[in-house]
Amino acid sequence: MRASPLHSSFCCYSSSSSSSSYPNSQLSTKPAIKPQSSSLLQEHPLYSPAHSNISLQFKEKILCLEIMGVDSGRALSLNPSLHSVSLHSIHSVVSFLQSKGIHQKDLARIFGMCPRILSSDIRSDLAPVFAFLSQDLKVPEHGFRRAVNKCPRLLVSSVPDQLKPALFYLQRLGFKDLQAMTELPCPALPLCLIINTALAYQDPVLLVSSVENTLIPKLKYLESIGFLRDETVDMVLRCPALFTFSIENNFKPKLEFFREEMQRTLEELKDFPQYFAFSLEKRIKPRHEEAMRSRARLPLPVMLKSTNEEFHELIKQGTSST
């Protein structure tokens, strides 16, 4: 259900008031609706006789979601618990997030990607996640917004059952937290700085990934195609996105093309694991075929990372030298 725009005074979420509402992560008791907005509600299309069977409270909830930019129909479909959640509870969640530095303009994307946040309990669900970001990942308060925007699913992930086990596994592999990053010298960017990825800022999606069902199987697959354990670990440290790729839809078809059509060696993949991040149909195949027609043998990273202009210039140079 998609409601038409309504004046934003319907839901009042000011960051200044919300920051003072949670000195100790307490629930806000401020009303979510301004009394003078009732006339605006009644003028809205949702209040036509055709929707007379919908309760006033439910209409107000839908309109509040729409005003924030959230598709209420999709949100209710993905999170049926929203049917029973009070408008006051939604306002409390919004106020709490704003007290943690989340901007109102971020809410549409955050709630749109993960509607479950709207029905979360502040004390048992949300507060522990921010404590994890601060204590375990050493994220400063001003960095909360960046981490949450990068991966809203953090807010609906259990700290003891998901976030901490994933962090422990990733740290054993060699990933480092934000504190490790800030303790390193910064003038140059040595390899250790690239490997010591700041999980909270760059790859928080790994923290919400299942260790048993996602992370470990990806490593085992890379080992199964001929890489040593240490080599696979080095590859995912340099290209953490490998953990997010599908084995069936990404690894297997690209590896088949790499071996049978490109006839390149695993050593090249070990040196450039980012190969799997490029589109097979839009990047890898067209550039390989053009290079073959021109009889230009280009290093894998050069062939895939260069811009179109650079690639065509390299093809010309390769053709001339041939």
# chains A, B, ... in the order shown; residues from 1 in each chain; ligands from 1
>>> closest_atom_pairs(of="segment 152-263 of chain A", to="segment 92-109 of chain A", cutoff="12 Å", atoms="only C-alpha atoms", output="JSON lines")
{"residue": "A:Pro152", "atom": "CA", "partner": "A:Arg109", "partner_atom": "CA", "distance": 8.7}
{"residue": "A:Arg153", "atom": "CA", "partner": "A:Arg109", "partner_atom": "CA", "distance": 11.6}
{"residue": "A:Leu155", "atom": "CA", "partner": "A:Leu97", "partner_atom": "CA", "distance": 10.0}
>>> write_last_selection(atoms="N, CA and C atoms", output="short mmCIF file (atom, residue, chain, number, x, y, z; two decimals), in the first residue's frame")
data_model
loop_
_atom_site.label_atom_id
_atom_site.label_comp_id
_atom_site.auth_asym_id
_atom_site.auth_seq_id
_atom_site.Cartn_x
_atom_site.Cartn_y
_atom_site.Cartn_z
N PRO A 152 22.39 -2.02 7.52
CA PRO A 152 21.29 -1.91 8.49
C PRO A 152 20.98 -3.22 9.21
N ARG A 153 21.31 -4.35 8.59
CA ARG A 153 21.02 -5.64 9.22
C ARG A 153 21.77 -5.84 10.53
N LEU A 155 21.47 -4.06 13.01
CA LEU A 155 20.55 -3.70 14.08
C LEU A 155 19.58 -4.82 14.43
#
>>> atom_distance(atom1="atom CA of Ser306 of chain A", atom2="atom CA of Ile225 of chain A")
27.4 Å
>>> residues_around(residues="Asp125 of chain A", least_positions_apart="6", cutoff="10 Å", atoms="only C-alpha atoms", output="ChimeraX atom specification")
/A:117,119,155-159
>>> closest_residue(among="A:Leu154, A:Cys64, A:Met235, A:Met292", to="Leu207 of chain A", atoms="only C-alpha atoms")
A:Leu154
>>> select_by_dssp(residues="segment 247-302 of chain A", states="alpha helix (DSSP H)", output="PyMOL selection string")
chain A and resi 252-260+266-271+285-293+300-302
>>> residues_around(residues="segment 166-172 of chain A", least_positions_apart="5", cutoff="9 Å", atoms="only C-alpha atoms", output="PyMOL selection string")
chain A and resi 136-137+161+177+199+206-211+215
>>> write_last_selection(atoms="N, CA and C atoms", output="mmCIF file, in the first residue's frame")
data_model
loop_
_atom_site.group_PDB
_atom_site.id
_atom_site.type_symbol
_atom_site.label_atom_id
_atom_site.label_comp_id
_atom_site.auth_asym_id
_atom_site.auth_seq_id
_atom_site.Cartn_x
_atom_site.Cartn_y
_atom_site.Cartn_z
ATOM 1 N N ASP A 136 33.388 -3.754 21.165
ATOM 2 C CA ASP A 136 34.086 -4.834 20.455
ATOM 3 C C ASP A 136 34.784 -4.363 19.187
ATOM 4 N N LEU A 137 34.154 -3.439 18.469
ATOM 5 C CA LEU A 137 34.759 -2.946 17.229
ATOM 6 C C LEU A 137 35.437 -1.593 17.397
ATOM 7 N N ASP A 161 24.670 -14.434 19.513
ATOM 8 C CA ASP A 161 24.474 -15.568 18.599
ATOM 9 C C ASP A 161 25.041 -15.344 17.206
ATOM 10 N N ASP A 177 39.849 -5.135 13.808
ATOM 11 C CA ASP A 177 38.799 -4.171 14.094
ATOM 12 C C ASP A 177 39.308 -2.755 13.868
ATOM 13 N N LEU A 199 36.322 -3.741 9.906
ATOM 14 C CA LEU A 199 35.076 -4.453 9.647
ATOM 15 C C LEU A 199 33.851 -3.568 9.778
ATOM 16 N N LEU A 206 29.925 -8.879 6.577
ATOM 17 C CA LEU A 206 30.523 -10.142 7.001
ATOM 18 C C LEU A 206 30.112 -10.481 8.428
ATOM 19 N N LEU A 207 29.863 -9.465 9.233
ATOM 20 C CA LEU A 207 29.475 -9.696 10.626
ATOM 21 C C LEU A 207 28.078 -10.280 10.739
ATOM 22 N N VAL A 208 27.233 -10.049 9.738
ATOM 23 C CA VAL A 208 25.872 -10.583 9.777
ATOM 24 C C VAL A 208 25.755 -11.850 8.938
ATOM 25 N N SER A 209 26.882 -12.379 8.487
ATOM 26 C CA SER A 209 26.901 -13.610 7.693
ATOM 27 C C SER A 209 27.123 -14.806 8.604
ATOM 28 N N SER A 210 26.438 -15.887 8.319
ATOM 29 C CA SER A 210 26.572 -17.097 9.120
ATOM 30 C C SER A 210 27.956 -17.717 8.930
ATOM 31 N N VAL A 211 28.617 -18.010 10.029
ATOM 32 C CA VAL A 211 29.943 -18.629 9.962
ATOM 33 C C VAL A 211 29.836 -20.018 9.342
ATOM 34 N N LEU A 215 30.442 -18.297 5.571
ATOM 35 C CA LEU A 215 31.876 -18.007 5.556
ATOM 36 C C LEU A 215 32.727 -19.254 5.343
#
>>> residues_around(residues="Leu242 of chain A", least_positions_apart="4", cutoff="10 Å", atoms="only C-alpha atoms", output="PDB file with N, CA, C and O atoms, in the first residue's frame")
ATOM      1  N   LEU A 215      30.442 -18.297   5.571  1.00  0.00           N
ATOM      2  CA  LEU A 215      31.876 -18.007   5.556  1.00  0.00           C
ATOM      3  C   LEU A 215      32.727 -19.254   5.343  1.00  0.00           C
ATOM      4  O   LEU A 215      33.581 -19.293   4.445  1.00  0.00           O
ATOM      5  N   LYS A 218      32.490 -20.910   1.767  1.00  0.00           N
ATOM      6  CA  LYS A 218      33.190 -20.174   0.709  1.00  0.00           C
ATOM      7  C   LYS A 218      34.687 -20.482   0.734  1.00  0.00           C
ATOM      8  O   LYS A 218      35.320 -20.677  -0.316  1.00  0.00           O
ATOM      9  N   LEU A 219      35.257 -20.535   1.939  1.00  0.00           N
ATOM     10  CA  LEU A 219      36.681 -20.876   2.037  1.00  0.00           C
ATOM     11  C   LEU A 219      36.935 -22.294   1.551  1.00  0.00           C
ATOM     12  O   LEU A 219      37.904 -22.547   0.833  1.00  0.00           O
ATOM     13  N   LEU A 222      36.974 -22.531  -2.270  1.00  0.00           N
ATOM     14  CA  LEU A 222      38.208 -22.037  -2.870  1.00  0.00           C
ATOM     15  C   LEU A 222      39.343 -23.043  -2.688  1.00  0.00           C
ATOM     16  O   LEU A 222      40.179 -23.221  -3.575  1.00  0.00           O
ATOM     17  N   THR A 232      43.896 -19.243   0.354  1.00  0.00           N
ATOM     18  CA  THR A 232      42.502 -18.806   0.374  1.00  0.00           C
ATOM     19  C   THR A 232      42.287 -17.713   1.413  1.00  0.00           C
ATOM     20  O   THR A 232      41.543 -16.752   1.175  1.00  0.00           O
ATOM     21  N   MET A 235      43.540 -14.529   0.084  1.00  0.00           N
ATOM     22  CA  MET A 235      42.655 -14.006  -0.960  1.00  0.00           C
ATOM     23  C   MET A 235      41.455 -13.268  -0.359  1.00  0.00           C
ATOM     24  O   MET A 235      41.095 -12.182  -0.809  1.00  0.00           O
ATOM     25  N   VAL A 236      40.825 -13.836   0.665  1.00  0.00           N
ATOM     26  CA  VAL A 236      39.648 -13.176   1.246  1.00  0.00           C
ATOM     27  C   VAL A 236      40.041 -11.954   2.069  1.00  0.00           C
ATOM     28  O   VAL A 236      39.247 -11.016   2.204  1.00  0.00           O
ATOM     29  N   LEU A 237      41.250 -11.936   2.593  1.00  0.00           N
ATOM     30  CA  LEU A 237      41.698 -10.747   3.307  1.00  0.00           C
ATOM     31  C   LEU A 237      41.913  -9.585   2.340  1.00  0.00           C
ATOM     32  O   LEU A 237      41.654  -8.431   2.670  1.00  0.00           O
ATOM     33  N   ARG A 238      42.382  -9.900   1.141  1.00  0.00           N
ATOM     34  CA  ARG A 238      42.590  -8.852   0.142  1.00  0.00           C
ATOM     35  C   ARG A 238      41.318  -8.508  -0.616  1.00  0.00           C
ATOM     36  O   ARG A 238      41.178  -7.414  -1.145  1.00  0.00           O
ATOM     37  N   SER A 246      27.976 -15.879  -4.510  1.00  0.00           N
ATOM     38  CA  SER A 246      27.353 -17.194  -4.572  1.00  0.00           C
ATOM     39  C   SER A 246      28.287 -18.199  -5.251  1.00  0.00           C
ATOM     40  O   SER A 246      28.908 -17.891  -6.277  1.00  0.00           O
ATOM     41  N   ILE A 247      28.377 -19.384  -4.671  1.00  0.00           N
ATOM     42  CA  ILE A 247      29.212 -20.427  -5.270  1.00  0.00           C
ATOM     43  C   ILE A 247      28.640 -20.856  -6.622  1.00  0.00           C
ATOM     44  O   ILE A 247      29.365 -20.972  -7.618  1.00  0.00           O
ATOM     45  N   ASN A 250      28.216 -17.420  -9.081  1.00  0.00           N
ATOM     46  CA  ASN A 250      29.382 -16.563  -9.320  1.00  0.00           C
ATOM     47  C   ASN A 250      30.651 -17.392  -9.507  1.00  0.00           C
ATOM     48  O   ASN A 250      31.230 -17.411 -10.593  1.00  0.00           O
ATOM     49  N   PHE A 251      31.070 -18.070  -8.452  1.00  0.00           N
ATOM     50  CA  PHE A 251      32.346 -18.786  -8.506  1.00  0.00           C
ATOM     51  C   PHE A 251      32.407 -19.808  -9.642  1.00  0.00           C
ATOM     52  O   PHE A 251      33.345 -19.814 -10.435  1.00  0.00           O
ATOM     53  N   PRO A 273      42.286 -11.987  -6.850  1.00  0.00           N
ATOM     54  CA  PRO A 273      40.987 -12.592  -6.519  1.00  0.00           C
ATOM     55  C   PRO A 273      39.810 -11.689  -6.859  1.00  0.00           C
ATOM     56  O   PRO A 273      38.674 -12.137  -6.929  1.00  0.00           O
ATOM     57  N   GLN A 274      40.090 -10.394  -7.104  1.00  0.00           N
ATOM     58  CA  GLN A 274      39.021  -9.457  -7.477  1.00  0.00           C
ATOM     59  C   GLN A 274      38.377  -9.833  -8.814  1.00  0.00           C
ATOM     60  O   GLN A 274      37.353  -9.263  -9.183  1.00  0.00           O
ATOM     61  N   TYR A 275      38.969 -10.782  -9.527  1.00  0.00           N
ATOM     62  CA  TYR A 275      38.388 -11.274 -10.777  1.00  0.00           C
ATOM     63  C   TYR A 275      36.925 -11.641 -10.582  1.00  0.00           C
ATOM     64  O   TYR A 275      36.073 -11.357 -11.431  1.00  0.00           O
ATOM     65  N   PHE A 276      36.600 -12.271  -9.444  1.00  0.00           N
ATOM     66  CA  PHE A 276      35.239 -12.733  -9.191  1.00  0.00           C
ATOM     67  C   PHE A 276      34.262 -11.592  -8.945  1.00  0.00           C
ATOM     68  O   PHE A 276      33.050 -11.802  -8.937  1.00  0.00           O
ATOM     69  N   ALA A 277      34.772 -10.387  -8.740  1.00  0.00           N
ATOM     70  CA  ALA A 277      33.899  -9.239  -8.492  1.00  0.00           C
ATOM     71  C   ALA A 277      33.389  -8.598  -9.777  1.00  0.00           C
ATOM     72  O   ALA A 277      32.461  -7.794  -9.747  1.00  0.00           O
TER      73      ALA A 277
END
>>> closest_residue(among="A:Phe272, A:Phe243, A:Phe257, A:Phe144", to="Tyr201 of chain A", atoms="only C-alpha atoms")
A:Phe144
>>> closest_residue(among="A:Leu76, A:Val205, A:Val70, A:Leu266", to="Thr244 of chain A", atoms="only C-alpha atoms")
A:Val205
>>> closest_residue(among="A:Leu133, A:Cys114, A:Ala200, A:Cys239", to="Lys150 of chain A", atoms="only C-alpha atoms")
A:Ala200
